[in-house]
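Below: one structure, written as structure tokens.
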Amino acid sequence: MKVILILYDTLNRHYLPPYGCDWVHAPNFKRLAEKTVIFDNCFAGSLPCIPARRELHTGRYNFLHRSWSPLEPFDDSMPNILKNNKVYAHLVSDHYHYWEDGGATYHTQYSSWEIIRGHEGDPWKGEVKDPEIPNHVSNMREDFGVGWRQDWVNRKYMQKEESMPQAVTFKKGLEFIETNFEENNWFLQIESFDPHEPFVTPQKYKDLYNDNYDGPHFDWPNYGAVTETSEQVEHCRKEYAASVSMCDHYLGKILDIMDEKNMWNDTMLIVTTDHGFLLGEKGWWAKMVQPIYNEIAHIPLFIWDPRSAKKNERRKALVQTIDYAPTILEFFGISPKKDMQGKVLKDTINNDNNIRSAALFGVHSGHVNVTDGNYTYMRGPTNPLNKPIFNYTLMPTHMRNFFSISELKEMALSEPFTFSKGCKMLKIPRNIVVYPYIFGSLLFDLKKDPTQENPIIDLDIETKMIKVMVELMKENDAPIEQYNRLGIPIEGNVKKFHLNLEEQREGVQDKIGDTEIVWRNKGKSMYYSFLLSIPPVMQSQVLTLVQKEMITTKITEIDEDFLIEIFKRIIPKGSNMYLEILYQLVKKGK
């Protein structure tokens with residue numbers, strides 16, 4: 001028996017023909033749907049990239065305890081379990097986060113692995129001279145220094161399709177299949193960073209979309225509110241569609257070799273992604289700056305199980321990323337580990353058996369979200385500072401660096417969690433990088449409003465969804481401060497003061513320092529969002545300046561415009577785009 005898992009990054013199901021898209025050129029995804037079971041209610045769990053991969057390995061939610069992180073010493077890794085049970089596990093990936101600090105323990109769990117370099121500013125080719133960069137739409141990465149310059153260096157070495165990371169990744173995956181298709185007991189994970197931004201593709205894929213755009217270069221959207229022109233938005237969507245079409249082309253090569261080698265008799269095929277992406281829907285780009293709408297959380301999933309041989313059928317059951325590990329283990333006759341929360345999908349593939357009544361998903365320190373397939377409830381914090389919140393870890397690294405000395409000075413030891421194998425963990429205060437308070441809590445009726453355009457206020461349904469959320473959090477052994485941060489009860493009944501849909505922010509009396517004020521418009525969200533985004537040593541400076549300005553102008557009713565003028569004096573030159581992004585975030589929130 002064999003398993004091939006094809007894992008894309010940032011694949012929006014709304015751009016796939018099997019999920020209703022009628023304009024993206026993706027004939028091999030249509031072909032895939034004819035050969036597999038298509039899941040209509042698959043949801044991500046922990047976001048974004050590496051948290052989702054921790055779920056792929058461990059079969060349990062990550063986001064309530066930890067942000068972006070390596071595998072922990074106590075984690076049960078599905079590929080490692082396979083390896084220890086004489087199932088050969090091989091990884092082929094161009095997902096460069098695996099060779100950064102925060103992902104460095106994943107690829108080593110496989111029997112063997114191959115890496116392909118060059119995506120999204122991967123520090124790959126060394127050139128001291130600055131690259132030529134075309135006239136382009138303003139990009140937040142220019143100020144932040146994350147990958148912008150390096151990406152333009154890398155692109156010089158990927159001029160031909162055969163040298164592009166996705167092409168090399170699938171070539172290496174096909175080589176493994178050619179070498180081993182007659183062997184038994186292996187697992188192959190082919191992992192493409194595409195269609196993740198920047199949307200870099202050969203011209204032939206762009207030509208599929210008759211794009212007449214003649215503006216500044218734009219294939220890498222910001223993480224934030226849409227501020228670009230409608231022509232630029234449409235162009236960027238077509239750039240993304242071209243990337244999906246490139247993914248489709250290489251998917252076809254896997255389907256071809258499975259046909260050629262008659263592998264459908266003994267090989268499970270799983271095709272999915274970690275999360276989706278907003279491409280201007282609801283006025284947003286990307287995945288990390290707002291409540292996790294379905295364009296991000298509701299993901300595609302296709303599975304062929306040779307034991308049931310079910311194909312070209314759809315499944316309505318609610319499934320998640322955490323189900324992949326136990327499903328793959330069971331296929332090889334290996335019992336899932338007791339700490340895995342995910343469920344085996346064998347019977348769901350066969351006859352649409354329900355395995356859960358609701359699912360959690362979210363980003364660490366962001367909203368905690370729950371869906372039962374009928375409603376989605378997005379619970380934001382009741383505390384504007386979004387505290388308390390901690391990282392629990394024995395591997396104190398962030399995405400690209402270690403935890404800072406100042407962070408580590410604040411750490412303590414926690415008691416073991418149910419899944420930590422008796423290990424105590426470092427409990428480290430979380431530096432907030434998302435601003436969930438801005439958006440409050442939201443409730444959507446998915447039957448009446450599947451695109452989540454019109455949040456509803458129904459306190460009976462909110463009460464019900466909070467109860468479901470609490471039960472799922474308890475199953476995950478969520479830290480007590482998560483309940484405190486969200487203002488929900490860990491025990492007892494949900495009462496009126498726990499409900500958050502009707503929270504009032506306009507006209508609320510408060511204090512800034514010792515000065516009594518009244519919040520107007522988005523003032524409260526702006527003030528606390530800015531405080532969270534700056535170092536603690538600067539927060540007293542903000543307080544002093546705001547108080548001084550209030551005394552000078554005799555203003556005690558504070559809105560976002562009053563504050564933004566003060567913040568401009570504090571923000572270092574060169575970071576104006578950051579302030580504009582923050583301003584746009586607050587304008588979009590409550």
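Letters A, B, ... go to the chains of the structure tokens in the order shown; residues in each chain start at 1; ligands are counted from 1 in the same order.
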Problem set entry | Shell around Gln166 of chain A at 9 Å using only C-alpha atoms, local window under 4 positions removed, as a list in words | Ser93, Asp94, Ile116, Glu161, Glu162, Phe170, Lys171, Glu191, Ser192, Phe193, Asp194, Met246, Cys247 and Tyr250 of chain A
Output the selection as a PDB file, in the first residue's frame - C-alpha atoms for each residue.
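See result21.pdb below for the written result:
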```
ATOM      1  CA  SER A  93       9.185  20.335  -0.953  1.00  0.00           C
ATOM      2  CA  ASP A  94       9.967  23.890  -2.026  1.00  0.00           C
ATOM      3  CA  ILE A 116      14.072  23.044  -3.630  1.00  0.00           C
ATOM      4  CA  GLU A 161       9.874  27.090 -16.288  1.00  0.00           C
ATOM      5  CA  GLU A 162      12.019  24.024 -15.686  1.00  0.00           C
ATOM      6  CA  PHE A 170       7.197  17.788  -9.103  1.00  0.00           C
ATOM      7  CA  LYS A 171      10.115  16.498 -11.180  1.00  0.00           C
ATOM      8  CA  GLU A 191       4.578  19.892  -1.344  1.00  0.00           C
ATOM      9  CA  SER A 192       4.312  22.956  -3.565  1.00  0.00           C
ATOM     10  CA  PHE A 193       4.596  26.443  -2.112  1.00  0.00           C
ATOM     11  CA  ASP A 194       2.562  27.631  -5.107  1.00  0.00           C
ATOM     12  CA  MET A 246       0.529  26.112 -13.272  1.00  0.00           C
ATOM     13  CA  CYS A 247      -0.366  23.967 -10.250  1.00  0.00           C
ATOM     14  CA  TYR A 250       1.919  19.626 -12.641  1.00  0.00           C
TER      15      TYR A 250
END
```
Test item: residues at most 12 Å from segment 394-397 of chain A, only C-alpha atoms, excluding those fewer than 3 positions along its chain, as an mmCIF file with C-alpha atoms, in the first residue's frame:
```cif
data_model
loop_
_atom_site.group_PDB
_atom_site.id
_atom_site.type_symbol
_atom_site.label_atom_id
_atom_site.label_comp_id
_atom_site.auth_asym_id
_atom_site.auth_seq_id
_atom_site.Cartn_x
_atom_site.Cartn_y
_atom_site.Cartn_z
ATOM 1 C CA HIS A 65 -1.203 26.846 22.780
ATOM 2 C CA ARG A 66 1.436 27.985 20.322
ATOM 3 C CA SER A 67 2.129 30.330 17.450
ATOM 4 C CA TRP A 68 4.426 29.453 14.525
ATOM 5 C CA SER A 69 6.793 26.810 15.883
ATOM 6 C CA PRO A 70 8.902 23.717 15.330
ATOM 7 C CA LEU A 71 7.618 20.311 16.255
ATOM 8 C CA GLU A 72 7.943 19.798 19.989
ATOM 9 C CA PRO A 73 9.873 16.896 21.602
ATOM 10 C CA PHE A 74 6.618 15.375 22.850
ATOM 11 C CA ASP A 75 4.763 15.672 19.521
ATOM 12 C CA GLU A 100 14.106 28.467 8.967
ATOM 13 C CA ASP A 101 14.295 28.431 12.760
ATOM 14 C CA GLY A 102 10.556 27.969 13.207
ATOM 15 C CA GLY A 103 10.172 24.946 10.927
ATOM 16 C CA ALA A 104 13.455 23.143 11.304
ATOM 17 C CA THR A 105 12.179 19.967 12.960
ATOM 18 C CA ASN A 391 3.246 30.612 24.022
ATOM 19 C CA ARG A 400 12.995 33.301 11.486
ATOM 20 C CA ASN A 401 14.747 33.757 14.816
ATOM 21 C CA PHE A 402 14.996 32.729 18.441
ATOM 22 C CA PHE A 403 12.773 34.154 21.121
ATOM 23 C CA SER A 404 14.327 37.408 22.273
ATOM 24 C CA ILE A 405 16.161 37.692 25.563
ATOM 25 C CA GLU A 407 10.790 37.435 26.035
ATOM 26 C CA LEU A 408 12.756 34.677 27.730
ATOM 27 C CA MET A 411 9.104 32.955 31.003
ATOM 28 C CA ALA A 412 7.916 30.555 33.670
ATOM 29 C CA LEU A 413 7.290 26.803 33.775
ATOM 30 C CA SER A 414 3.751 25.600 33.224
ATOM 31 C CA PRO A 416 2.045 19.615 31.822
ATOM 32 C CA SER A 420 2.805 16.927 26.546
ATOM 33 C CA CYS A 423 6.566 17.453 30.329
ATOM 34 C CA LYS A 424 6.313 20.877 31.848
ATOM 35 C CA MET A 425 6.627 23.638 29.267
ATOM 36 C CA LEU A 426 8.015 27.133 28.993
ATOM 37 C CA LYS A 427 5.199 29.642 29.412
ATOM 38 C CA ILE A 428 6.245 32.800 27.583
ATOM 39 C CA PRO A 429 4.124 35.962 27.194
ATOM 40 C CA ARG A 430 3.058 36.369 23.571
#
```
Problem set entry | strand (DSSP E or B) per DSSP on the backbone: members of segment 113-360 of chain A, as an MDAnalysis selection string | chainID A and resid 113:115 136 186:192 217 225 267:273 278:279 284:286 298:299 301:304 313:315 319:320 359:360
For this session: Check segment 298-499 of chain A with DSSP on the backbone and list each residue it calls helix (DSSP H, G or I), as a PyMOL selection string.
Result: chain A and resi 321-331+346-351+405-409+436-439+459-475+480-486+496-498
Kindly save the residues from that selection, with N, CA and C atoms included, as a short mmCIF file (atom, residue, chain, number, x, y, z; two decimals), in the first residue's frame.
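Resulting contents of part_13.cif:
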```
data_model
loop_
_atom_site.label_atom_id
_atom_site.label_comp_id
_atom_site.auth_asym_id
_atom_site.auth_seq_id
_atom_site.Cartn_x
_atom_site.Cartn_y
_atom_site.Cartn_z
N THR A 321 -8.03 19.49 8.81
CA THR A 321 -6.63 19.14 8.62
C THR A 321 -6.17 18.11 9.64
N ILE A 322 -6.67 18.17 10.86
CA ILE A 322 -6.24 17.23 11.90
C ILE A 322 -6.62 15.80 11.59
N ASP A 323 -7.48 15.58 10.59
CA ASP A 323 -7.90 14.22 10.24
C ASP A 323 -6.92 13.52 9.32
N TYR A 324 -6.01 14.24 8.71
CA TYR A 324 -5.13 13.62 7.71
C TYR A 324 -4.19 12.59 8.34
N ALA A 325 -3.56 12.94 9.46
CA ALA A 325 -2.59 12.03 10.08
C ALA A 325 -3.23 10.70 10.48
N PRO A 326 -4.33 10.71 11.24
CA PRO A 326 -4.93 9.42 11.58
C PRO A 326 -5.42 8.65 10.37
N THR A 327 -5.88 9.33 9.34
CA THR A 327 -6.35 8.65 8.13
C THR A 327 -5.21 7.94 7.42
N ILE A 328 -4.07 8.60 7.31
CA ILE A 328 -2.91 7.99 6.65
C ILE A 328 -2.37 6.83 7.48
N LEU A 329 -2.29 7.00 8.79
CA LEU A 329 -1.82 5.91 9.65
C LEU A 329 -2.73 4.69 9.53
N GLU A 330 -4.03 4.91 9.59
CA GLU A 330 -4.97 3.78 9.51
C GLU A 330 -4.85 3.05 8.19
N PHE A 331 -4.59 3.76 7.11
CA PHE A 331 -4.45 3.14 5.79
C PHE A 331 -3.33 2.11 5.79
N LYS A 346 -11.85 6.95 6.78
CA LYS A 346 -12.18 5.80 5.94
C LYS A 346 -13.67 5.69 5.69
N ASP A 347 -14.49 5.72 6.73
CA ASP A 347 -15.94 5.56 6.55
C ASP A 347 -16.59 6.80 5.97
N THR A 348 -15.98 7.95 6.19
CA THR A 348 -16.50 9.17 5.57
C THR A 348 -16.26 9.14 4.06
N ILE A 349 -15.09 8.68 3.66
CA ILE A 349 -14.81 8.50 2.24
C ILE A 349 -15.78 7.51 1.62
N ASN A 350 -16.04 6.45 2.35
CA ASN A 350 -16.87 5.36 1.82
C ASN A 350 -18.34 5.74 1.74
N ASN A 351 -18.89 6.34 2.82
CA ASN A 351 -20.34 6.57 2.82
C ASN A 351 -20.75 7.87 3.53
N ILE A 405 15.78 37.77 24.16
CA ILE A 405 16.16 37.69 25.56
C ILE A 405 15.08 38.30 26.45
N SER A 406 14.49 39.42 26.00
CA SER A 406 13.45 40.05 26.82
C SER A 406 12.24 39.14 26.97
N GLU A 407 11.89 38.40 25.92
CA GLU A 407 10.79 37.43 26.04
C GLU A 407 11.15 36.32 27.02
N LEU A 408 12.36 35.81 26.90
CA LEU A 408 12.76 34.68 27.73
C LEU A 408 12.88 35.06 29.20
N LYS A 409 13.18 36.33 29.46
CA LYS A 409 13.26 36.78 30.85
C LYS A 409 11.90 36.74 31.54
N PRO A 436 -7.17 41.31 16.96
CA PRO A 436 -8.54 40.80 16.83
C PRO A 436 -9.59 41.68 17.47
N TYR A 437 -9.21 42.46 18.50
CA TYR A 437 -10.21 43.28 19.17
C TYR A 437 -10.88 44.26 18.22
N ILE A 438 -10.15 44.70 17.21
CA ILE A 438 -10.66 45.67 16.24
C ILE A 438 -12.00 45.22 15.67
N PHE A 439 -12.16 43.91 15.47
CA PHE A 439 -13.29 43.39 14.70
C PHE A 439 -14.44 42.87 15.56
N LEU A 459 -28.66 36.26 19.81
CA LEU A 459 -28.02 35.93 21.07
C LEU A 459 -28.26 34.48 21.47
N ASP A 460 -29.35 33.89 21.03
CA ASP A 460 -29.58 32.46 21.32
C ASP A 460 -28.57 31.60 20.57
N ILE A 461 -28.34 31.93 19.30
CA ILE A 461 -27.36 31.16 18.53
C ILE A 461 -25.95 31.43 19.05
N GLU A 462 -25.67 32.68 19.42
CA GLU A 462 -24.35 32.97 20.00
C GLU A 462 -24.12 32.15 21.26
N THR A 463 -25.13 32.05 22.11
CA THR A 463 -25.01 31.23 23.32
C THR A 463 -24.70 29.78 22.97
N LYS A 464 -25.41 29.25 22.00
CA LYS A 464 -25.19 27.86 21.58
C LYS A 464 -23.77 27.67 21.05
N MET A 465 -23.29 28.61 20.22
CA MET A 465 -21.98 28.46 19.61
C MET A 465 -20.86 28.63 20.63
N ILE A 466 -21.08 29.47 21.66
CA ILE A 466 -20.09 29.58 22.73
C ILE A 466 -19.97 28.26 23.47
N LYS A 467 -21.10 27.60 23.74
CA LYS A 467 -21.07 26.30 24.42
C LYS A 467 -20.28 25.28 23.61
N VAL A 468 -20.51 25.26 22.31
CA VAL A 468 -19.79 24.32 21.45
C VAL A 468 -18.29 24.65 21.47
N MET A 469 -17.97 25.94 21.37
CA MET A 469 -16.58 26.37 21.39
C MET A 469 -15.88 25.94 22.68
N VAL A 470 -16.53 26.15 23.80
CA VAL A 470 -15.95 25.79 25.10
C VAL A 470 -15.67 24.29 25.16
N GLU A 471 -16.60 23.48 24.70
CA GLU A 471 -16.40 22.03 24.75
C GLU A 471 -15.22 21.60 23.89
N LEU A 472 -15.08 22.17 22.72
CA LEU A 472 -13.96 21.82 21.85
C LEU A 472 -12.64 22.33 22.43
N MET A 473 -12.65 23.49 23.04
CA MET A 473 -11.43 23.99 23.68
C MET A 473 -11.02 23.11 24.85
N LYS A 474 -12.00 22.63 25.60
CA LYS A 474 -11.68 21.74 26.71
C LYS A 474 -11.10 20.41 26.22
N GLU A 475 -11.63 19.92 25.10
CA GLU A 475 -11.08 18.69 24.51
C GLU A 475 -9.62 18.88 24.11
N ILE A 480 -6.14 28.11 30.47
CA ILE A 480 -7.22 28.85 31.12
C ILE A 480 -7.29 30.29 30.64
N GLU A 481 -6.13 30.89 30.31
CA GLU A 481 -6.16 32.29 29.91
C GLU A 481 -6.85 32.50 28.57
N GLN A 482 -6.98 31.45 27.75
CA GLN A 482 -7.72 31.61 26.50
C GLN A 482 -9.19 31.93 26.78
N TYR A 483 -9.76 31.27 27.78
CA TYR A 483 -11.15 31.57 28.16
C TYR A 483 -11.25 32.98 28.73
N ASN A 484 -10.26 33.37 29.54
CA ASN A 484 -10.27 34.71 30.14
C ASN A 484 -10.14 35.78 29.07
N ARG A 485 -9.23 35.57 28.12
CA ARG A 485 -9.01 36.54 27.05
C ARG A 485 -10.28 36.75 26.23
N LEU A 486 -10.99 35.67 25.97
CA LEU A 486 -12.20 35.73 25.15
C LEU A 486 -13.44 36.11 25.96
N LYS A 496 -25.62 36.31 30.00
CA LYS A 496 -25.75 37.44 29.11
C LYS A 496 -24.45 38.25 29.00
N PHE A 497 -23.72 38.37 30.11
CA PHE A 497 -22.51 39.19 30.07
C PHE A 497 -21.38 38.51 29.30
N HIS A 498 -21.56 37.21 28.97
CA HIS A 498 -20.57 36.53 28.14
C HIS A 498 -20.77 36.82 26.65
#
```
For this session: Name all residues at most 9 Å from segment 138-154 of chain A (count only C-alpha atoms; drop same-chain ones fewer than 5 positions away) and give them as a ChimeraX atom specification.
Result: /A:118-127,130-133,198,218,220-223,574-578,581
Using only C-alpha atoms, determine which residues lie at most 7 Å from segment 224-230 of chain A, disregarding the query and same-chain residues fewer than 6 positions distant; provide the list as a PDB file with all heavy atoms, in the first residue's frame.
```
ATOM      1  N   GLY A 280      -9.059  40.194  -2.524  1.00  0.00           N
ATOM      2  CA  GLY A 280      -9.902  41.371  -2.665  1.00  0.00           C
ATOM      3  C   GLY A 280     -11.312  41.172  -2.160  1.00  0.00           C
ATOM      4  O   GLY A 280     -12.061  42.146  -2.018  1.00  0.00           O
ATOM      5  N   GLY A 283     -12.884  43.299   0.658  1.00  0.00           N
ATOM      6  CA  GLY A 283     -11.951  44.409   0.756  1.00  0.00           C
ATOM      7  C   GLY A 283     -10.623  44.071   1.386  1.00  0.00           C
ATOM      8  O   GLY A 283      -9.914  44.969   1.858  1.00  0.00           O
ATOM      9  N   TRP A 284     -10.237  42.770   1.355  1.00  0.00           N
ATOM     10  CA  TRP A 284      -9.009  42.334   2.022  1.00  0.00           C
ATOM     11  C   TRP A 284      -8.086  41.584   1.065  1.00  0.00           C
ATOM     12  O   TRP A 284      -8.531  40.915   0.132  1.00  0.00           O
ATOM     13  CB  TRP A 284      -9.330  41.394   3.185  1.00  0.00           C
ATOM     14  CG  TRP A 284      -9.969  42.044   4.362  1.00  0.00           C
ATOM     15  CD1 TRP A 284     -11.267  41.927   4.758  1.00  0.00           C
ATOM     16  CD2 TRP A 284      -9.356  42.906   5.317  1.00  0.00           C
ATOM     17  NE1 TRP A 284     -11.499  42.661   5.896  1.00  0.00           N
ATOM     18  CE2 TRP A 284     -10.335  43.275   6.255  1.00  0.00           C
ATOM     19  CE3 TRP A 284      -8.061  43.408   5.461  1.00  0.00           C
ATOM     20  CZ2 TRP A 284     -10.056  44.120   7.330  1.00  0.00           C
ATOM     21  CZ3 TRP A 284      -7.789  44.246   6.527  1.00  0.00           C
ATOM     22  CH2 TRP A 284      -8.786  44.588   7.446  1.00  0.00           C
ATOM     23  N   TRP A 285      -6.807  41.646   1.392  1.00  0.00           N
ATOM     24  CA  TRP A 285      -5.814  40.751   0.820  1.00  0.00           C
ATOM     25  C   TRP A 285      -5.344  39.771   1.890  1.00  0.00           C
ATOM     26  O   TRP A 285      -5.214  40.140   3.055  1.00  0.00           O
ATOM     27  CB  TRP A 285      -4.570  41.503   0.341  1.00  0.00           C
ATOM     28  CG  TRP A 285      -4.735  42.446  -0.805  1.00  0.00           C
ATOM     29  CD1 TRP A 285      -4.583  43.802  -0.797  1.00  0.00           C
ATOM     30  CD2 TRP A 285      -5.040  42.101  -2.165  1.00  0.00           C
ATOM     31  NE1 TRP A 285      -4.776  44.331  -2.047  1.00  0.00           N
ATOM     32  CE2 TRP A 285      -5.060  43.305  -2.914  1.00  0.00           C
ATOM     33  CE3 TRP A 285      -5.301  40.896  -2.838  1.00  0.00           C
ATOM     34  CZ2 TRP A 285      -5.314  43.345  -4.286  1.00  0.00           C
ATOM     35  CZ3 TRP A 285      -5.562  40.928  -4.199  1.00  0.00           C
ATOM     36  CH2 TRP A 285      -5.569  42.133  -4.909  1.00  0.00           C
ATOM     37  N   ALA A 286      -5.068  38.555   1.475  1.00  0.00           N
ATOM     38  CA  ALA A 286      -4.269  37.597   2.243  1.00  0.00           C
ATOM     39  C   ALA A 286      -5.051  36.863   3.317  1.00  0.00           C
ATOM     40  O   ALA A 286      -6.215  36.510   3.109  1.00  0.00           O
ATOM     41  CB  ALA A 286      -3.007  38.250   2.777  1.00  0.00           C
ATOM     42  N   VAL A 289      -4.940  39.184   8.747  1.00  0.00           N
ATOM     43  CA  VAL A 289      -5.189  40.492   9.328  1.00  0.00           C
ATOM     44  C   VAL A 289      -6.649  40.736   9.657  1.00  0.00           C
ATOM     45  O   VAL A 289      -7.035  41.826   9.987  1.00  0.00           O
ATOM     46  CB  VAL A 289      -4.691  41.603   8.382  1.00  0.00           C
ATOM     47  CG1 VAL A 289      -3.174  41.602   8.321  1.00  0.00           C
ATOM     48  CG2 VAL A 289      -5.275  41.442   6.985  1.00  0.00           C
ATOM     49  N   ILE A 581      -1.299  50.784   6.989  1.00  0.00           N
ATOM     50  CA  ILE A 581      -1.916  49.456   7.099  1.00  0.00           C
ATOM     51  C   ILE A 581      -2.727  49.371   8.387  1.00  0.00           C
ATOM     52  O   ILE A 581      -3.866  48.883   8.399  1.00  0.00           O
ATOM     53  CB  ILE A 581      -0.838  48.365   7.046  1.00  0.00           C
ATOM     54  CG1 ILE A 581      -0.246  48.277   5.634  1.00  0.00           C
ATOM     55  CG2 ILE A 581      -1.420  47.007   7.447  1.00  0.00           C
ATOM     56  CD1 ILE A 581       0.975  47.387   5.534  1.00  0.00           C
ATOM     57  N   GLN A 584      -5.904  51.312   8.019  1.00  0.00           N
ATOM     58  CA  GLN A 584      -6.878  50.604   7.194  1.00  0.00           C
ATOM     59  C   GLN A 584      -7.520  49.457   7.976  1.00  0.00           C
ATOM     60  O   GLN A 584      -8.717  49.186   7.838  1.00  0.00           O
ATOM     61  CB  GLN A 584      -6.206  50.069   5.923  1.00  0.00           C
ATOM     62  CG  GLN A 584      -5.762  51.146   4.950  1.00  0.00           C
ATOM     63  CD  GLN A 584      -6.929  51.921   4.362  1.00  0.00           C
ATOM     64  OE1 GLN A 584      -8.042  51.416   4.272  1.00  0.00           O
ATOM     65  NE2 GLN A 584      -6.672  53.167   3.977  1.00  0.00           N
ATOM     66  N   LEU A 585      -6.725  48.786   8.801  1.00  0.00           N
ATOM     67  CA  LEU A 585      -7.274  47.713   9.629  1.00  0.00           C
ATOM     68  C   LEU A 585      -8.379  48.231  10.537  1.00  0.00           C
ATOM     69  O   LEU A 585      -9.464  47.646  10.638  1.00  0.00           O
ATOM     70  CB  LEU A 585      -6.176  47.089  10.486  1.00  0.00           C
ATOM     71  CG  LEU A 585      -5.157  46.168   9.821  1.00  0.00           C
ATOM     72  CD1 LEU A 585      -4.080  45.786  10.824  1.00  0.00           C
ATOM     73  CD2 LEU A 585      -5.835  44.924   9.282  1.00  0.00           C
TER      74      LEU A 585
END
```
